[in-house]
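Here's the structure, in structure tokens; my notes come after.
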Protein chains: 2
Amino acid sequence: MSIYIYGFGDGKADGDASKKDLLGGKGANLAEMAKLGLPVPAGFTISTECCTDYFKSGKQLPQSLYAEIDTAMAKIERSMKMKFGDPDNPLLVSCRSGARSSMPGMMETVLNVGLCSTTIPGLIKNTGNEWFVYDAYRRLIMMYSDVVMEKAEGIEPRDGMGIRIHLEIIMNELKNDLNYETDTDISALEMKTLCERFKRKIKETLGSEFPDNPRDQLMGSIGAVFKSWNGKRALSYRRIEHIPDDWGTAVNVQSMVFGNMGDKSATGVAFSRDPATGDNNFYGEWLPNAQGEDVVAGIRTPNPLNNTTKSSHNRHLPSLEEAMPGIYQELAQIRTTLEHHYSDMQDIEFTIQQGTLYMLQCRVGKRTGTAALNMAMDMFDEGIIDEITMVTRLNPKQLDEMLHPVVDPEAEKKTTPLAEGLPAGPGGAIGQIVFTSEDAVRWARTGKKVLLVRDETNPEDIEGMRAAVGILTARGGMTSHAALVARGWGKCCIVGAAAFKINPEQRKLVIGSKVFNEGDVLTLNGTRGLVYEGELMMKKATENSRFKAFMNVADRYRRLKVRTNADTPEDAARALEFGAEGIGLFRTEHMFYGADSARPLFLLRKMILSKSIDERRRALDELFPFVKQEIQATLAVMDEKPVTLRLLDPPLHEFVPQSLENQEELSRELCIDIDEIKKRSLDLTESNPMMGHRGVRLGITYPEISAMQIRAIFEASAELIIQGKNPLPEIMVPVTCNEKELLFVKNISEKVYQETLEKYKITAIPHQFGTMIEIPRAALKADRMAEHAEFFSFGTNDLTQMTFGFSRDDIGSFMNDYIDNAILDADPFETLDQDAVGRLIEISVALGQKTRPDIKLGICGEHGGDPASVEFCHRAGLTYVSCSPYRVPIARLAAAQAAIKEA
Amino acid sequence: MSIYIYGFGDGKADGDASKKDLLGGKGANLAEMAKLGLPVPAGFTISTECCTDYFKSGKQLPQSLYAEIDTAMAKIERSMKMKFGDPDNPLLVSCRSGARSSMPGMMETVLNVGLCSTTIPGLIKNTGNEWFVYDAYRRLIMMYSDVVMEKAEGIEPRDGMGIRIHLEIIMNELKNDLNYETDTDISALEMKTLCERFKRKIKETLGSEFPDNPRDQLMGSIGAVFKSWNGKRALSYRRIEHIPDDWGTAVNVQSMVFGNMGDKSATGVAFSRDPATGDNNFYGEWLPNAQGEDVVAGIRTPNPLNNTTKSSHNRHLPSLEEAMPGIYQELAQIRTTLEHHYSDMQDIEFTIQQGTLYMLQCRVGKRTGTAALNMAMDMFDEGIIDEITMVTRLNPKQLDEMLHPVVDPEAEKKTTPLAEGLPAGPGGAIGQIVFTSEDAVRWARTGKKVLLVRDETNPEDIEGMRAAVGILTARGGMTSHAALVARGWGKCCIVGAAAFKINPEQRKLVIGSKVFNEGDVLTLNGTRGLVYEGELMMKKATENSRFKAFMNVADRYRRLKVRTNADTPEDAARALEFGAEGIGLFRTEHMFYGADSARPLFLLRKMILSKSIDERRRALDELFPFVKQEIQATLAVMDEKPVTLRLLDPPLHEFVPQSLENQEELSRELCIDIDEIKKRSLDLTESNPMMGHRGVRLGITYPEISAMQIRAIFEASAELIIQGKNPLPEIMVPVTCNEKELLFVKNISEKVYQETLEKYKITAIPHQFGTMIEIPRAALKADRMAEHAEFFSFGTNDLTQMTFGFSRDDIGSFMNDYIDNAILDADPFETLDQDAVGRLIEISVALGQKTRPDIKLGICGEHGGDPASVEFCHRAGLTYVSCSPYRVPIARLAAAQAAIKEA
């Protein structure tokens, strides 16, 4: 038989902080605090095992639990010198949930359990405060009827409106009738009458009596807390936070202490250091004569904890340091005890009942990225943590906010967003709205800051997206075209803001009754996905020297190299600043979307629409100097560092002119009928372009295209070598599924290589030849691929697409249903699916190394910047990850943490 | 050092028939015949190893070969009592290619090697026939200059025209000038002069002298034969026939014998049984005073071999039996010897030189499917072969021609096809052409036989395709929509007949200068891909009792079960006739394309375009009776046999009305604005529908659709059970990638199952619940899938798509380049890729059986009817294969042969 109950109090506890899985975070820390001798009201924790068993047995509490509760309650009674249900000296308890991982507000709480007709008089006698007792009773009735009777027992309110709302209406009517402003205006007698009216309403609405027996109340509350684990809110939260359903919650039953028993009572919350800045100041808020929920509810402005941390908002209010100096000193001592004990910043809740301090909760406090960085470095300097702990103290994703300018949070607090979308590109942006890519480019040229507003973007919008300071779309998800491109550039972007109706013809953006015209100003918070009217204040992301110092320490632990995905000299230079050790993915097609590439794009289109090999060769010859120059510029910036250049990848029709204007231009210059242009464009259309004529398949059909690109790479390198530089190009073949495709391109490459050596009269151009592994077949045949490939780069975007059969562009219609129904834990395009996609990578690594033990292994999908995926890459034995410039620091830190975790 | 040369002659040989890999088919059989004591002119074979070494060393003959040739030539000289290059008694030889597998006409041959200025007089003296000698010299010059000097040596003709054409022009001019009709009209002197003119032209055109040295001629010819292995024609042939490049060819050097040395000389080809019918008659053709090529060239009508096999075409000509009875008897004896020795029908070539019979070739003869069946059963009856050999003697694909009515081959011989396309659906069809699906349906209702002519088909054409007797498209490949559907139905179909210009607006079909209008009659030979003008004679495929007997024997060896893919009671009944043991794939969406399903299709569209769950539920309720009835009809036909019903699979937008007319109808009946219909249709469009919202993903988003389909299955079954029948439905979930998807649908299924039992007051409906394995992730996670799936059905079409990243609809643009460049051996949609797709199947089988040892395993892709793939399925341990009705016999035989091969 399991033991389900773990008691705490009086400087002793059955559990401790290490038992989080069993006791939940709250229960484990209550036990730990009790053991540390801190003033914790006595109580006990019913374990998460009990919750699991409860659901396994069809929502029945285990039979053995009842006796355990009796024993545990007796202990509390001894400790608190009161008795549960005793008419003379009644003990009240709270029932609170507490899962392994904090799920704030997602599950239920019942306070003041044990108040009933027999215990009320005793409590009134003992406290001498009739109003307080009826207020507590009123609170119990409201919570219990809502949480236990309606939600947990599943009693449907007869008229479809929740009981809580019924009761709130009654209470508000009373206050209105009597012209009362606050609850405290209600007299004790009126409060008592209110309780009776509440109970009649409950009987009338839910059809059953409010229980007048303390033990019934207790057991009902315990069951309700367990049930709330599978409540709708909790379920959704778990989906979003990827918390497994089978963890379960613990229930904490604890003697009630009251911060609302007069002027010597109070309640508060505090952080052992400033969670926003990381400053080593005790920081918090308190309210005299109040219960915990009053601080959180924000009805009254809370008082500052001490004088050091007073702000302009609360300077006029007395601090706890001023009002109760003795208690404050006691609390400050506890702060030091806890921080040294846990070696981390703590978030605590306390209540002062008639001059006595009680600790109700402690846990590791949440913090901003900046605060996390400062605290970690400070605590290392202070000797509280060692260097390894310091490096692991930052969630790598938190670095993101340190790299982008952001909307000032203070400014955001003072206004309401127009709409919310998905936070696709980080940081903030202010600009005038435009509705076409062309307009974005034109306005930007005149020095205006513009936001490009589109239903969704496509490759033809790239120029406009580049020119804009921010991008806003009404459609698309976190992996839509706009999101991918923006994230790659670290550009502020909000996608899927579905409340907007966009009318590009009239150049209007409509939301509700509001209409915005071209040129109107909006502010985007891309980090949170919020759109604001007008111009909000921005905060500049300043160069942070501590950040650099921290990263240098982290780098010492890292085995995995970090490269960047960059297609321009500018991106390459930015990535170098962020610490990139090479380029893992240079997309040769992206150069056709640069600001100065109108003519090259035209030539590319001409090449694509060529019918004969001669037409195509002529277009390729014209393109060659441009391609060579673009490649050379990036190779020059990345001197001495490897640059992986991927040969042409997308299906050709992506480049085909869609607009009539572009088609007409092409028709004129090629001297072909416009209908022929349209026909050739149509011929290139594919049913499933993602699995169509792309990547190496283009190179097999049109070897002359590969030859041109490879020649550009070699000639660009040769010229740099002659200039005394040391380019390290790596030629990468995309979308391969078969070693013979590689051999085909390798033969071209070797021929062009020899010709280049002869042309420039040099003896060698150091380079490598390799392939993407992004098709499942390539992964399964990696031993053969490695016969010709000196390196593999896992293209996990496509590999995920093919392995799941999920088109990245089309999953929007069902991904939410998958997450909501817990069919998938996470979007596999955000976090690498280690089960199957990861398995294919492991298979490839093993097979590839069998053929070529020194094969270089990298990853260049979007996952290269996702910390969990980086950890996987480390474990899988890859050589490097590659990600967009702004994610380079994230990957560096994640790689360091992965190495630390492994060791 | 390798031995490259294997001699034969005088009743002895170094090799034998078992050494085909080394000696090629021709060489091995020459050796075998020599050993059998048959009259084979002495010669030797240079092995395929030598060919491989020749290409490995950059097209150099191995040094050791020269001495071997000298030794071997000396042996021939002794045997033939002549000397190569001897002025008095010169020996002439032939040089012929001979690969492991016959490649008719693909490689080169040089005859009469050894004739030159010094040997001509001796040969004239010995034969007493100057004309014959100069004619032989003329032939040598023509062949040698073409094969050795131009093609092999790579000498470009100066004016771009091949030397062979130059020489033919000269010879034709001579005949025209002198008014000669045949070559024999040319006098010996004129022939001599012609040879001189030929040699001058060669010098002038190719820039070098024709070699006048027998040994130079011999070495040049040997090298040229090797080189022809990598000639363009041979390469293309190997691609098509999937012959590996590294096999190489052997070279057979053999003393020349002449069938053109007068009336006692002759040449012929024969089959030991009739290759068209299989009748046990010695069958062949011969020509007096002729060389082998004259028979093949078809300039003269050849004589019949014997009196039994005379036909209306050659009844007037003397048979060999009549003209040379002694020789004929000798040959007939050889026929019996060879057939008993090889235990199979032989194809032989012979030459009679001045009354002496010589055997030049024997090999297993090609035959029609009918002939193969008859011969196998006859030879078994005659005791020549055992039962296992009988079963393996038919290529399963040959059964196809026995199941469909065909165009009469005799009728085809008398006309020329209008155009050629790909043979996508077997058999023949005659009909009036129509250009739209609607017209096909309307015309067919009036009893007309129509051919549906389209650029390409799409799912909206299904009704018309059903109504038509044949389908012709100008675009698409062997796996295009039209091809897949037609093959599934066993309907005559030709796709990709690119020479046709189709104008559906004007209802015109144009080819060259010919124009066909709606209603004009064409004949299609779907087995060969040929289109004819007008009406050709058809041959009815008669019920073949020998075929049934043969299949019954084959079935005794088979372990793999064979099911069919069928969606209608008619298809199911046909498949039962062909021996199907169940349905492996009933596509629930296909019922919406039946002739009587206009209203259901409308309701389906209504359901798809519903915005709210209520709208959708109402449409589903209306659809339900129709769906139940369709399912019931097929379950009734398949009583007692398992029927796997796949839940809705395709992306919904496939059903959305594309035509304005259909959209308007929907708009009227749904009382929704037409623009809203268009918008909702557009919303369903996907970038890559194959990897989009389809299969189980629809069931997750719209569980009510799955519930309706499952209810229809259970209620249909329940009603049949009450009628005393025994339906065995298997519910199959498509496009799964994750066990939780399965669980989600299983929960729905179990709920509906219980409700159905209650509704019909029955205790059980025997059924199974399982999944397709068609997404790589499902294969890699098959252990988890098997937790909920009682069976797996491998959907190898989709599995191939995802594993290769090949969209079946889009590979047309590059597949030919892949085959031509030997990057792929075969289209993986035709023959299962065992390397990777097969590997995934093997992984799934192992993982699935680990979780559920008795899991049922099937395959239901197009590969289920491909013999090589069936063999793989047998080896992989599957339970059954499923294929279209017309392929059931093919799969049965392939399965039997796989079991025999394994044992």
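Residues in the structure tokens are numbered from 1 in each chain, the chains being A, B, ... in the order shown, and ligands are numbered from 1 in the order shown.
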
From a DSSP calculation on the backbone, collect every residue of range 312-499 of chain B in strand (DSSP E or B) and output the set as number ranges by chain. B: 346-353, 356-364, 406-407, 419-420, 422-425, 428-434, 450-454, 470-473, 492-495

Set the distance at 7 Å and use only C-alpha atoms: which residues neighbour range 679-689 of chain B once local chain neighbours fewer than 3 positions away are removed? I'd like the list as a PDB file with C-alpha atoms, in the first residue's frame.
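That gives us around33.pdb:
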ATOM      1  CA  SER A 687       0.986  19.773 -57.622  1.00  0.00           C
ATOM      2  CA  ASN A 688       3.390  19.344 -54.727  1.00  0.00           C
ATOM      3  CA  PRO A 689       6.393  21.565 -55.404  1.00  0.00           C
ATOM      4  CA  MET A 690       8.023  20.591 -52.124  1.00  0.00           C
ATOM      5  CA  SER A 807       3.852  20.327 -45.515  1.00  0.00           C
ATOM      6  CA  ASP A 809       2.984  25.608 -45.405  1.00  0.00           C
ATOM      7  CA  ASP A 810      -0.184  23.619 -44.839  1.00  0.00           C
TER       8      ASP A 810
ATOM      9  CA  LEU B 609     -17.755  23.769 -47.354  1.00  0.00           C
ATOM     10  CA  PRO B 651      -7.393  16.477 -49.035  1.00  0.00           C
ATOM     11  CA  HIS B 653     -10.242  20.463 -51.661  1.00  0.00           C
ATOM     12  CA  VAL B 656     -14.458  21.118 -54.049  1.00  0.00           C
ATOM     13  CA  ASP B 675     -18.201  34.527 -53.666  1.00  0.00           C
ATOM     14  CA  GLU B 676     -18.376  32.825 -50.285  1.00  0.00           C
ATOM     15  CA  GLY B 692      -1.408  18.629 -46.085  1.00  0.00           C
ATOM     16  CA  HIS B 693      -4.749  18.267 -44.379  1.00  0.00           C
TER      17      HIS B 693
END

Restrict the calculation to only C-alpha atoms, then for each residue of chain B with any atom at most 8 Å from an atom of chain A give the closest atom pair and their distance in Å to one decimal, rows by chain and rising residue number, as CSV.
residue,atom,partner,partner_atom,distance
B:Glu686,CA,A:Asp810,CA,6.0
B:Ser687,CA,A:Asp809,CA,6.5
B:Asn688,CA,A:Asn688,CA,4.4
B:Pro689,CA,A:Asn688,CA,6.6
B:Met690,CA,A:Asn688,CA,6.6
B:Met691,CA,A:Phe806,CA,4.8
B:Gly692,CA,A:Asp810,CA,5.3
B:His693,CA,A:Ser813,CA,6.7
B:Arg697,CA,A:Phe814,CA,6.7
B:Leu698,CA,A:Phe814,CA,7.9
B:Ile700,CA,A:Asp817,CA,6.8
B:Thr701,CA,A:Asp817,CA,6.0
B:Cys737,CA,A:Phe804,CA,6.0
B:Asn738,CA,A:Ile823,CA,7.5
B:Lys740,CA,A:Ile823,CA,5.1
B:Glu741,CA,A:Ile823,CA,6.1
B:Ile775,CA,A:Gly805,CA,6.0
B:Pro776,CA,A:Thr803,CA,5.0
B:Arg777,CA,A:Thr803,CA,5.1
B:Leu780,CA,A:Ala836,CA,6.1
B:Lys781,CA,A:Ala836,CA,7.0
B:Gln801,CA,A:Met691,CA,7.8
B:Met802,CA,A:Met802,CA,5.0
B:Thr803,CA,A:Pro776,CA,5.0
B:Phe804,CA,A:Arg777,CA,5.6
B:Gly805,CA,A:Met691,CA,4.8
B:Phe806,CA,A:Met691,CA,4.8
B:Ser807,CA,A:Met691,CA,4.8
B:Asp809,CA,A:Ser687,CA,6.4
B:Asp810,CA,A:Gly692,CA,5.3
B:Ile811,CA,A:Gly692,CA,6.3
B:Ser813,CA,A:His693,CA,6.7
B:Phe814,CA,A:Thr701,CA,6.3
B:Asp817,CA,A:Thr701,CA,6.0
B:Tyr818,CA,A:Ile700,CA,7.3
B:Ala822,CA,A:Lys740,CA,7.9
B:Ile823,CA,A:Lys740,CA,5.1
B:Leu824,CA,A:Lys740,CA,7.9
B:Asp835,CA,A:Lys781,CA,7.7
B:Ala836,CA,A:Arg777,CA,5.6
B:Val837,CA,A:Arg777,CA,7.6

What lies within 9 Å of Glu387 in chain B using only C-alpha atoms, ignoring chain neighbours under 5 positions off, as a list in words? Met377, Phe380, Thr392, Val553 and Ala554 of chain B

Contacts of range 114-123 of chain B at 7 Å or less, counting only C-alpha atoms, minus same-chain residues fewer than 5 places along, as a ChimeraX atom specification? /B:84-93,133,137,212-214,217

Counting only C-alpha atoms, closest pick from A:Pro244, A:Thr351, A:Lys501, A:Ile334 relative to Glu285 in chain A is A:Thr351

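The spacing separating CA of Phe44 in chain A from CA of Tyr4 in chain A amounts to 10.0 Å.
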
Do you know which residues are at most 7 Å from Tyr283 in chain A counting only C-alpha atoms, after dropping those on the same chain fewer than 3 positions away, and could you put them as a PyMOL selection string? chain A and resi 270-274+305+309

Grab the residues selected above and save them as a PDB file, in the first residue's frame with all heavy atoms.
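Result went into selection_17.pdb, see below:
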ATOM      1  N   ALA A 270       7.510  38.488  -2.237  1.00  0.00           N
ATOM      2  CA  ALA A 270       8.805  39.142  -2.417  1.00  0.00           C
ATOM      3  C   ALA A 270       9.746  38.272  -3.228  1.00  0.00           C
ATOM      4  O   ALA A 270       9.551  37.062  -3.332  1.00  0.00           O
ATOM      5  CB  ALA A 270       9.423  39.441  -1.057  1.00  0.00           C
ATOM      6  N   PHE A 271      10.739  38.917  -3.823  1.00  0.00           N
ATOM      7  CA  PHE A 271      11.802  38.234  -4.558  1.00  0.00           C
ATOM      8  C   PHE A 271      13.124  38.533  -3.863  1.00  0.00           C
ATOM      9  O   PHE A 271      13.348  39.671  -3.446  1.00  0.00           O
ATOM     10  CB  PHE A 271      11.871  38.739  -5.997  1.00  0.00           C
ATOM     11  CG  PHE A 271      10.657  38.419  -6.799  1.00  0.00           C
ATOM     12  CD1 PHE A 271       9.548  39.257  -6.809  1.00  0.00           C
ATOM     13  CD2 PHE A 271      10.621  37.250  -7.570  1.00  0.00           C
ATOM     14  CE1 PHE A 271       8.428  38.954  -7.544  1.00  0.00           C
ATOM     15  CE2 PHE A 271       9.493  36.950  -8.311  1.00  0.00           C
ATOM     16  CZ  PHE A 271       8.392  37.788  -8.307  1.00  0.00           C
ATOM     17  N   SER A 272      13.974  37.511  -3.761  1.00  0.00           N
ATOM     18  CA  SER A 272      15.222  37.755  -3.046  1.00  0.00           C
ATOM     19  C   SER A 272      16.159  38.698  -3.811  1.00  0.00           C
ATOM     20  O   SER A 272      17.058  39.288  -3.227  1.00  0.00           O
ATOM     21  CB  SER A 272      15.916  36.436  -2.709  1.00  0.00           C
ATOM     22  OG  SER A 272      16.252  35.745  -3.881  1.00  0.00           O
ATOM     23  N   ARG A 273      15.959  38.838  -5.111  1.00  0.00           N
ATOM     24  CA  ARG A 273      16.633  39.883  -5.898  1.00  0.00           C
ATOM     25  C   ARG A 273      15.639  40.441  -6.905  1.00  0.00           C
ATOM     26  O   ARG A 273      14.635  39.779  -7.228  1.00  0.00           O
ATOM     27  CB  ARG A 273      17.857  39.344  -6.656  1.00  0.00           C
ATOM     28  CG  ARG A 273      18.860  38.717  -5.760  1.00  0.00           C
ATOM     29  CD  ARG A 273      20.188  38.422  -6.410  1.00  0.00           C
ATOM     30  NE  ARG A 273      20.993  37.756  -5.378  1.00  0.00           N
ATOM     31  CZ  ARG A 273      22.321  37.811  -5.299  1.00  0.00           C
ATOM     32  NH1 ARG A 273      23.022  38.464  -6.193  1.00  0.00           N
ATOM     33  NH2 ARG A 273      22.952  37.185  -4.339  1.00  0.00           N
ATOM     34  N   ASP A 274      15.967  41.577  -7.475  1.00  0.00           N
ATOM     35  CA  ASP A 274      15.050  42.223  -8.422  1.00  0.00           C
ATOM     36  C   ASP A 274      14.874  41.354  -9.677  1.00  0.00           C
ATOM     37  O   ASP A 274      15.842  41.143 -10.409  1.00  0.00           O
ATOM     38  CB  ASP A 274      15.616  43.605  -8.797  1.00  0.00           C
ATOM     39  CG  ASP A 274      14.615  44.426  -9.574  1.00  0.00           C
ATOM     40  OD1 ASP A 274      13.886  43.846 -10.408  1.00  0.00           O
ATOM     41  OD2 ASP A 274      14.544  45.644  -9.353  1.00  0.00           O
ATOM     42  N   LEU A 305       8.217  46.873  -0.197  1.00  0.00           N
ATOM     43  CA  LEU A 305       8.737  46.045   0.882  1.00  0.00           C
ATOM     44  C   LEU A 305       9.722  46.834   1.742  1.00  0.00           C
ATOM     45  O   LEU A 305       9.672  46.754   2.969  1.00  0.00           O
ATOM     46  CB  LEU A 305       9.432  44.809   0.296  1.00  0.00           C
ATOM     47  CG  LEU A 305       9.745  43.693   1.270  1.00  0.00           C
ATOM     48  CD1 LEU A 305       8.442  43.048   1.765  1.00  0.00           C
ATOM     49  CD2 LEU A 305      10.632  42.634   0.622  1.00  0.00           C
ATOM     50  N   THR A 309      13.773  50.005  -2.490  1.00  0.00           N
ATOM     51  CA  THR A 309      13.119  49.676  -3.756  1.00  0.00           C
ATOM     52  C   THR A 309      11.839  50.464  -3.996  1.00  0.00           C
ATOM     53  O   THR A 309      11.053  50.108  -4.857  1.00  0.00           O
ATOM     54  CB  THR A 309      12.799  48.155  -3.807  1.00  0.00           C
ATOM     55  OG1 THR A 309      11.928  47.862  -2.692  1.00  0.00           O
ATOM     56  CG2 THR A 309      14.044  47.314  -3.701  1.00  0.00           C
TER      57      THR A 309
END

I need the residues in range 526-760 of chain A that are helix (DSSP H, G or I) according to DSSP; give them as JSON, numbers by chain. {"A": [545, 546, 547, 548, 549, 550, 551, 552, 553, 554, 555, 569, 570, 571, 572, 573, 574, 575, 576, 577, 590, 591, 592, 593, 598, 599, 600, 601, 602, 603, 604, 605, 606, 607, 608, 613, 614, 615, 616, 617, 618, 619, 620, 621, 622, 623, 624, 625, 626, 627, 628, 629, 630, 631, 632, 633, 634, 635, 636, 637, 652, 653, 654, 655, 660, 661, 662, 663, 664, 665, 666, 667, 668, 669, 670, 674, 675, 676, 677, 678, 679, 680, 681, 682, 683, 689, 690, 691, 696, 697, 698, 699, 700, 701, 703, 704, 705, 706, 707, 708, 709, 710, 711, 712, 713, 714, 715, 716, 717, 718, 719, 720, 721, 722, 739, 740, 741, 742, 743, 744, 745, 746, 747, 748, 749, 750, 751, 752, 753, 754, 755, 756, 757, 758, 759, 760]}

Any idea what's packed within 8 Å of Ile765 in chain B, counting only C-alpha atoms, ignoring anything in its chain fewer than 2 positions away? Could you give it as a ChimeraX atom specification? /B:714,717-718,721,757,762-763,767

Do you know which residues are at most 7 Å from Val406 in chain A counting only C-alpha atoms, after dropping those on the same chain fewer than 4 positions away, and could you put them as a ChimeraX atom specification? /A:427-428,538-540
